[in-house]
$ cat protein_5.txt   # compact mmCIF, C-alpha atoms and all ligand atoms
# COMPACT_ATOMS: atom_id res chain seq x y z
CA MET A 510 -11.36 -3.54 -30.59
CA ASN A 511 -10.56 0.18 -30.24
CA ARG A 512 -10.11 2.64 -33.06
CA PHE A 513 -7.76 5.58 -33.27
CA LYS A 514 -7.50 7.74 -36.40
CA GLY A 515 -8.81 5.01 -38.66
CA LYS A 516 -6.59 2.27 -37.22
CA GLU A 517 -7.80 -0.72 -35.28
CA ILE A 518 -6.01 -1.30 -32.01
CA GLN A 519 -6.44 -4.46 -30.01
CA ALA A 520 -6.07 -3.79 -26.29
CA LEU A 521 -3.53 -6.08 -24.67
CA LEU A 522 -3.73 -4.43 -21.26
CA THR A 523 -6.71 -2.31 -20.32
CA LYS A 524 -6.61 0.99 -18.46
CA GLU A 525 -8.06 -0.76 -15.40
CA GLN A 526 -5.48 -3.58 -15.46
CA ILE A 527 -2.67 -1.02 -15.69
CA GLU A 528 -4.09 1.11 -12.86
CA LYS A 529 -4.37 -1.91 -10.56
CA ARG A 530 -0.85 -3.19 -11.31
CA VAL A 531 0.75 0.25 -10.95
CA LYS A 532 -0.79 0.58 -7.47
CA GLU A 533 0.61 -2.84 -6.54
CA LEU A 534 4.07 -1.90 -7.87
CA GLY A 535 3.95 1.32 -5.86
CA ALA A 536 3.26 -0.68 -2.70
CA GLU A 537 6.09 -3.16 -3.51
CA ILE A 538 8.55 -0.31 -4.05
CA THR A 539 7.43 1.51 -0.88
CA HIS A 540 8.03 -1.69 1.07
CA ALA A 541 11.40 -2.47 -0.55
CA TYR A 542 12.84 0.96 0.24
CA ARG A 543 11.18 1.43 3.63
CA ASP A 544 14.50 1.77 5.52
CA ILE A 545 16.37 4.23 3.31
CA LYS A 546 17.16 7.66 4.75
CA ASP A 547 17.37 10.02 1.76
CA PRO A 548 14.53 10.29 -0.77
CA LEU A 549 14.52 7.56 -3.43
CA ILE A 550 15.54 8.85 -6.87
CA LEU A 551 13.29 7.67 -9.67
CA VAL A 552 14.98 7.97 -13.06
CA GLY A 553 12.50 7.84 -15.91
CA VAL A 554 13.85 6.85 -19.30
CA LEU A 555 12.36 9.24 -21.86
CA LYS A 556 10.06 9.33 -23.57
CA GLY A 557 8.26 6.02 -23.17
CA SER A 558 8.24 5.92 -19.37
CA VAL A 559 6.56 9.31 -18.84
CA LEU A 560 2.97 8.12 -18.39
CA PHE A 561 4.02 5.15 -16.26
CA MET A 562 6.34 7.36 -14.19
CA ALA A 563 3.56 9.89 -13.51
CA ASP A 564 1.22 7.19 -12.21
CA LEU A 565 3.88 5.12 -10.43
CA CYS A 566 5.36 8.01 -8.44
CA ARG A 567 1.90 8.79 -7.02
CA ALA A 568 1.54 5.16 -5.94
CA ILE A 569 4.80 5.29 -3.94
CA ASP A 570 4.20 6.35 -0.36
CA MET A 571 7.57 7.84 0.63
CA PRO A 572 9.74 10.85 -0.27
CA ILE A 573 11.07 10.64 -3.82
CA GLU A 574 12.92 12.80 -6.33
CA LEU A 575 12.25 12.66 -10.05
CA GLU A 576 14.98 12.63 -12.67
CA PHE A 577 14.94 11.76 -16.36
CA MET A 578 17.41 10.34 -18.83
CA GLY A 579 16.92 10.91 -22.52
CA VAL A 580 17.90 7.99 -24.66
CA SER A 581 17.63 7.37 -28.34
CA SER A 582 18.41 4.08 -29.95
CA TYR A 583 19.42 3.72 -33.51
CA GLY A 584 18.01 1.26 -36.00
CA GLU A 585 14.63 0.30 -37.37
CA ALA A 586 11.51 1.87 -35.83
CA THR A 587 10.13 -1.39 -34.51
CA LYS A 588 13.35 -3.12 -33.45
CA SER A 589 16.00 -2.33 -30.85
CA SER A 590 19.50 -2.13 -32.25
CA GLY A 591 21.28 -1.87 -28.91
CA ALA A 592 23.21 1.21 -30.01
CA VAL A 593 22.19 3.82 -27.47
CA GLN A 594 22.89 7.53 -27.26
CA ILE A 595 22.23 9.68 -24.18
CA THR A 596 20.34 12.79 -25.26
CA LEU A 597 19.53 14.14 -21.78
CA ASP A 598 21.43 13.47 -18.58
CA LEU A 599 20.60 13.67 -14.87
CA THR A 600 20.55 17.12 -13.31
CA ARG A 601 22.48 16.16 -10.15
CA PRO A 602 24.92 13.59 -8.75
CA ILE A 603 23.55 10.26 -7.50
CA GLU A 604 26.56 9.20 -5.45
CA ASN A 605 25.48 7.24 -2.33
CA ARG A 606 21.81 7.60 -3.27
CA HIS A 607 19.27 4.85 -3.96
CA VAL A 608 18.27 4.95 -7.62
CA LEU A 609 15.38 3.21 -9.34
CA PHE A 610 15.22 3.23 -13.13
CA VAL A 611 11.72 3.42 -14.56
CA GLU A 612 11.35 1.95 -18.06
CA ASP A 613 8.33 1.43 -20.25
CA ILE A 614 9.48 -1.89 -21.70
CA VAL A 615 12.47 -4.19 -21.58
CA ASP A 616 12.81 -6.03 -24.84
CA THR A 617 16.38 -7.19 -25.51
CA GLY A 618 17.56 -5.47 -22.32
CA LEU A 619 20.31 -3.64 -24.21
CA THR A 620 19.05 -0.17 -23.29
CA ALA A 621 18.85 -1.07 -19.61
CA LYS A 622 22.27 -2.71 -19.73
CA TYR A 623 23.81 0.40 -21.24
CA LEU A 624 22.15 2.67 -18.66
CA TYR A 625 23.26 0.42 -15.81
CA GLY A 626 26.86 0.57 -17.01
CA ASN A 627 26.68 4.32 -17.27
CA MET A 628 25.06 4.82 -13.84
CA ARG A 629 27.35 2.45 -11.96
CA THR A 630 30.33 4.72 -12.61
CA ARG A 631 28.47 7.41 -10.60
CA GLU A 632 28.51 5.14 -7.53
CA PRO A 633 24.91 5.13 -6.32
CA ALA A 634 24.10 3.31 -3.05
CA SER A 635 21.88 0.97 -5.05
CA LEU A 636 20.58 0.67 -8.58
CA ARG A 637 17.42 -1.21 -9.48
CA LEU A 638 15.06 -1.41 -12.41
CA CYS A 639 11.29 -1.11 -12.61
CA SER A 640 9.66 -1.78 -15.96
CA LEU A 641 5.99 -1.75 -16.85
CA LEU A 642 6.48 -4.41 -19.51
CA GLU A 643 8.91 -7.15 -20.39
CA LYS A 644 9.07 -9.41 -23.39
CA PRO A 645 10.28 -12.78 -22.16
CA SER A 646 11.43 -14.35 -25.38
CA LYS A 647 14.72 -12.53 -25.72
CA SER A 648 17.96 -13.11 -23.86
CA LYS A 649 18.28 -10.36 -21.27
CA GLY A 650 21.98 -10.72 -20.60
CA GLU A 651 22.82 -9.38 -17.18
CA VAL A 652 19.71 -7.25 -16.78
CA LYS A 653 17.18 -8.20 -14.15
CA VAL A 654 13.88 -6.37 -13.81
CA ASP A 655 13.44 -5.92 -10.05
CA PHE A 656 9.88 -4.59 -10.21
CA LEU A 657 7.86 -5.77 -13.20
CA GLY A 658 4.35 -4.80 -14.26
CA PHE A 659 3.50 -7.36 -16.93
CA THR A 660 5.13 -9.96 -19.11
CA ILE A 661 3.76 -9.64 -22.64
CA PRO A 662 4.08 -11.66 -25.86
CA ASP A 663 6.79 -10.74 -28.33
CA GLU A 664 4.70 -8.28 -30.31
CA PHE A 665 5.19 -4.59 -31.02
CA VAL A 666 2.97 -2.69 -28.59
CA ILE A 667 1.82 0.92 -28.44
CA GLY A 668 0.07 3.21 -25.97
CA TYR A 669 0.50 4.30 -22.35
CA GLY A 670 3.77 6.00 -23.31
CA LEU A 671 4.87 3.60 -26.04
CA ASP A 672 4.99 4.98 -29.56
CA LEU A 673 5.08 4.03 -33.18
CA ALA A 674 7.10 6.64 -35.06
CA GLY A 675 6.33 9.19 -32.33
CA VAL A 676 2.57 8.73 -32.08
CA TYR A 677 0.08 6.68 -30.00
CA ARG A 678 1.82 7.51 -26.70
CA ASN A 679 -1.37 9.07 -25.31
CA LEU A 680 -3.54 5.96 -25.56
CA PRO A 681 -4.64 5.13 -22.00
CA TYR A 682 -4.09 1.39 -22.58
CA VAL A 683 -1.42 -0.84 -24.14
CA GLY A 684 -2.39 -2.32 -27.47
CA VAL A 685 -1.33 -3.93 -30.69
CA LEU A 686 -1.93 -2.17 -33.97
CA GLY A 687 -4.30 -4.02 -36.26
CA SER A 688 -5.15 -3.52 -39.89
CA ASP A 689 -6.43 -0.27 -41.44
CA VAL A 690 -10.19 0.28 -41.20
P1 LIG A 701 15.61 -2.96 -25.45
O1 LIG A 701 16.87 -2.15 -25.46
O2 LIG A 701 15.28 -3.57 -24.11
O3 LIG A 701 15.59 -3.99 -26.54
O4 LIG A 701 14.44 -2.00 -25.86
C1 LIG A 701 14.04 -0.97 -25.07
C2 LIG A 701 13.37 0.12 -25.88
O5 LIG A 701 12.94 -0.34 -27.18
C3 LIG A 701 12.13 0.57 -25.17
O6 LIG A 701 12.41 1.56 -24.20
C4 LIG A 701 11.28 1.07 -26.32
O7 LIG A 701 11.63 2.39 -26.64
C5 LIG A 701 11.66 0.17 -27.49
N1 LIG A 701 10.71 -0.96 -27.63
C6 LIG A 701 10.96 -2.27 -27.46
N2 LIG A 701 9.86 -3.01 -27.69
C7 LIG A 701 8.89 -2.13 -28.01
C8 LIG A 701 7.50 -2.28 -28.36
O8 LIG A 701 6.91 -3.35 -28.41
N3 LIG A 701 6.82 -1.11 -28.63
C9 LIG A 701 7.40 0.11 -28.58
N4 LIG A 701 6.62 1.17 -28.86
N5 LIG A 701 8.70 0.29 -28.27
C10 LIG A 701 9.43 -0.82 -27.98
$ encode --input "protein_5.txt" --output "structure tokens" --more "lines below"
Ligand code: 5GP
Amino acid sequence: MNRFKGKEIQALLTKEQIEKRVKELGAEITHAYRDIKDPLILVGVLKGSVLFMADLCRAIDMPIELEFMGVSSYGEATKSSGAVQITLDLTRPIENRHVLFVEDIVDTGLTAKYLYGNMRTREPASLRLCSLLEKPSKSKGEVKVDFLGFTIPDEFVIGYGLDLAGVYRNLPYVGVLGSDV
């Protein structure tokens, strides 16, 4: 059990487990895109993907470009409502380019579905999704995670980019918040 500011946090995925899996994902992605000509465009979905993105891009052994999309979803702090607003857009066109979305977690899949719909109109050469985490219990609709770090139980997790009301993103592991100490 870890403690952070008087709260108990139970680690679900340790720093070491994450490091190992991110390296493996980097190798999978490098292999999958080995024949493309232009640099792969990684699109990180802010803010949750930032830590994962920073580690993942260094595990990919090929030329890449980094872009970010800002997204905010409405609704309760610990539940996805599916109503998504773009708060920051890409800085350049992606037409005819290979694009890989980088997400922290796919829960209902509604955020990813919305982003896919939005990106497809820009006619990329390909569009795929890499997510560190996925909760399996929900219906994902049409969204498929092409490169997945871990499947986790249907619990609200924090750390390694994931927040609760804006905090806990800087924990180096993924955990579940326990009771107050
Ligand atoms: P979806 O649209 O797939 O239901 O949810 C995606 C977004 O909901 C994630 O990018 C994340 O911001 C938030 N989310 C879903 N589950 C969790 C969770 O367990 N912990 C945290 N911190 N955010 C979550």
$ closest_residue --input "protein_5.txt" --among "A:Gly658, A:Gly668, A:Pro645, A:Pro633" --to "ligand LIG 701 (chain A)" --atoms "all atoms listed in the file"
A:Gly668
$ closest_atom_pairs --input "protein_5.txt" --of "chain A" --to "ligand LIG 701 (chain A)" --cutoff "9 Å" --atoms "all atoms listed in the file" --output "JSON lines"
{"residue": "A:Val554", "atom": "CA", "partner": "A:LIG701", "partner_atom": "O6", "distance": 7.4}
{"residue": "A:Leu555", "atom": "CA", "partner": "A:LIG701", "partner_atom": "O6", "distance": 8.0}
{"residue": "A:Lys556", "atom": "CA", "partner": "A:LIG701", "partner_atom": "O7", "distance": 7.7}
{"residue": "A:Gly557", "atom": "CA", "partner": "A:LIG701", "partner_atom": "O7", "distance": 6.0}
{"residue": "A:Ser558", "atom": "CA", "partner": "A:LIG701", "partner_atom": "O6", "distance": 7.7}
{"residue": "A:Val580", "atom": "CA", "partner": "A:LIG701", "partner_atom": "O6", "distance": 8.5}
{"residue": "A:Ser581", "atom": "CA", "partner": "A:LIG701", "partner_atom": "O7", "distance": 8.0}
{"residue": "A:Ser582", "atom": "CA", "partner": "A:LIG701", "partner_atom": "O5", "distance": 7.6}
{"residue": "A:Ala586", "atom": "CA", "partner": "A:LIG701", "partner_atom": "N5", "distance": 8.2}
{"residue": "A:Thr587", "atom": "CA", "partner": "A:LIG701", "partner_atom": "C10", "distance": 6.6}
{"residue": "A:Lys588", "atom": "CA", "partner": "A:LIG701", "partner_atom": "C6", "distance": 6.5}
{"residue": "A:Ser589", "atom": "CA", "partner": "A:LIG701", "partner_atom": "O3", "distance": 4.6}
{"residue": "A:Ser590", "atom": "CA", "partner": "A:LIG701", "partner_atom": "O3", "distance": 7.2}
{"residue": "A:Gly591", "atom": "CA", "partner": "A:LIG701", "partner_atom": "O1", "distance": 5.6}
{"residue": "A:Ala592", "atom": "CA", "partner": "A:LIG701", "partner_atom": "O1", "distance": 8.5}
{"residue": "A:Val593", "atom": "CA", "partner": "A:LIG701", "partner_atom": "O1", "distance": 8.2}
{"residue": "A:Glu612", "atom": "CA", "partner": "A:LIG701", "partner_atom": "O6", "distance": 6.2}
{"residue": "A:Asp613", "atom": "CA", "partner": "A:LIG701", "partner_atom": "O6", "distance": 5.7}
{"residue": "A:Ile614", "atom": "CA", "partner": "A:LIG701", "partner_atom": "C3", "distance": 5.0}
{"residue": "A:Val615", "atom": "CA", "partner": "A:LIG701", "partner_atom": "O2", "distance": 3.8}
{"residue": "A:Asp616", "atom": "CA", "partner": "A:LIG701", "partner_atom": "O2", "distance": 3.6}
{"residue": "A:Thr617", "atom": "CA", "partner": "A:LIG701", "partner_atom": "O3", "distance": 3.5}
{"residue": "A:Gly618", "atom": "CA", "partner": "A:LIG701", "partner_atom": "O2", "distance": 3.5}
{"residue": "A:Leu619", "atom": "CA", "partner": "A:LIG701", "partner_atom": "O1", "distance": 4.0}
{"residue": "A:Thr620", "atom": "CA", "partner": "A:LIG701", "partner_atom": "O1", "distance": 3.7}
{"residue": "A:Ala621", "atom": "CA", "partner": "A:LIG701", "partner_atom": "O2", "distance": 6.3}
{"residue": "A:Lys622", "atom": "CA", "partner": "A:LIG701", "partner_atom": "O1", "distance": 7.9}
{"residue": "A:Tyr623", "atom": "CA", "partner": "A:LIG701", "partner_atom": "O1", "distance": 8.5}
{"residue": "A:Leu642", "atom": "CA", "partner": "A:LIG701", "partner_atom": "N2", "distance": 9.0}
{"residue": "A:Glu643", "atom": "CA", "partner": "A:LIG701", "partner_atom": "O2", "distance": 8.2}
{"residue": "A:Lys644", "atom": "CA", "partner": "A:LIG701", "partner_atom": "N2", "distance": 7.8}
{"residue": "A:Lys647", "atom": "CA", "partner": "A:LIG701", "partner_atom": "O3", "distance": 8.6}
{"residue": "A:Lys649", "atom": "CA", "partner": "A:LIG701", "partner_atom": "O2", "distance": 7.9}
{"residue": "A:Asp663", "atom": "CA", "partner": "A:LIG701", "partner_atom": "O8", "distance": 7.4}
{"residue": "A:Glu664", "atom": "CA", "partner": "A:LIG701", "partner_atom": "O8", "distance": 5.7}
{"residue": "A:Phe665", "atom": "CA", "partner": "A:LIG701", "partner_atom": "O8", "distance": 3.4}
{"residue": "A:Val666", "atom": "CA", "partner": "A:LIG701", "partner_atom": "O8", "distance": 4.0}
{"residue": "A:Ile667", "atom": "CA", "partner": "A:LIG701", "partner_atom": "N4", "distance": 4.8}
{"residue": "A:Gly668", "atom": "CA", "partner": "A:LIG701", "partner_atom": "N4", "distance": 7.4}
{"residue": "A:Gly670", "atom": "CA", "partner": "A:LIG701", "partner_atom": "N4", "distance": 7.9}
{"residue": "A:Leu671", "atom": "CA", "partner": "A:LIG701", "partner_atom": "N4", "distance": 4.1}
{"residue": "A:Asp672", "atom": "CA", "partner": "A:LIG701", "partner_atom": "N4", "distance": 4.2}
{"residue": "A:Leu673", "atom": "CA", "partner": "A:LIG701", "partner_atom": "N4", "distance": 5.4}
{"residue": "A:Ala674", "atom": "CA", "partner": "A:LIG701", "partner_atom": "N4", "distance": 8.3}
{"residue": "A:Gly675", "atom": "CA", "partner": "A:LIG701", "partner_atom": "N4", "distance": 8.7}
{"residue": "A:Tyr677", "atom": "CA", "partner": "A:LIG701", "partner_atom": "N4", "distance": 8.6}
{"residue": "A:Arg678", "atom": "CA", "partner": "A:LIG701", "partner_atom": "N4", "distance": 8.2}
{"residue": "A:Val685", "atom": "CA", "partner": "A:LIG701", "partner_atom": "O8", "distance": 8.6}
$ axis_aligned_box --input "protein_5.txt" --around "region 558-574 of chain A" --padding-each-side "8 Å" --output "lines of an AutoDock Vina configuration file"
center_x = 7.1
center_y = 9.0
center_z = -9.4
size_x = 27.7
size_y = 23.7
size_z = 36.0
$ closest_residue --input "protein_5.txt" --among "A:Lys532, A:Lys516, A:Arg601, A:Lys546" --to "Arg567 (chain A)" --atoms "all atoms listed in the file"
A:Lys532
$ closest_residue --input "protein_5.txt" --among "A:Ile595, A:Val611, A:Ala568, A:Val683" --to "Glu525 (chain A)" --atoms "all atoms listed in the file"
A:Val683
$ atom_distance --input "protein_5.txt" --atom1 "CA of Arg629 (chain A)" --atom2 "CA of Ile569 (chain A)"
24.1 Å
$ closest_residue --input "protein_5.txt" --among "A:Ile573, A:Val559, A:Leu641, A:Leu680" --to "Val654 (chain A)" --atoms "only C-alpha atoms"
A:Leu641
$ closest_residue --input "protein_5.txt" --among "A:Glu517, A:Glu632, A:Asp570, A:Asp547" --to "Asn605 (chain A)" --atoms "only C-alpha atoms"
A:Glu632
$ residues_around --input "protein_5.txt" --residues "Phe577 (chain A)" --least-positions-apart "3" --cutoff "9 Å" --atoms "all atoms listed in the file" --output "PyMOL selection string"
chain A and resi 551-555+597-600
$ residues_around --input "protein_5.txt" --residues "Arg606 (chain A)" --least-positions-apart "4" --cutoff "9 Å" --atoms "all atoms listed in the file" --output "list of chain:residue names"
A:Asp547, A:Pro548, A:Leu549, A:Ile550, A:Pro602, A:Glu632, A:Pro633, A:Ala634, A:Ser635, A:Leu636
$ atom_distance --input "protein_5.txt" --atom1 "CA of Phe513 (chain A)" --atom2 "CA of Ser640 (chain A)"
25.6 Å
$ atom_distance --input "protein_5.txt" --atom1 "CA of Arg543 (chain A)" --atom2 "CA of Gln526 (chain A)"
25.8 Å
$ closest_residue --input "protein_5.txt" --among "A:Val608, A:Ile545, A:Leu624, A:Ala536" --to "Gly579 (chain A)" --atoms "all atoms listed in the file"
A:Leu624
$ residues_around --input "protein_5.txt" --residues "Ile518 (chain A)" --least-positions-apart "6" --cutoff "8 Å" --atoms "all atoms listed in the file" --output "list of chain:residue names"
A:Met510, A:Asn511, A:Arg512, A:Gly684, A:Val685, A:Leu686, A:Gly687
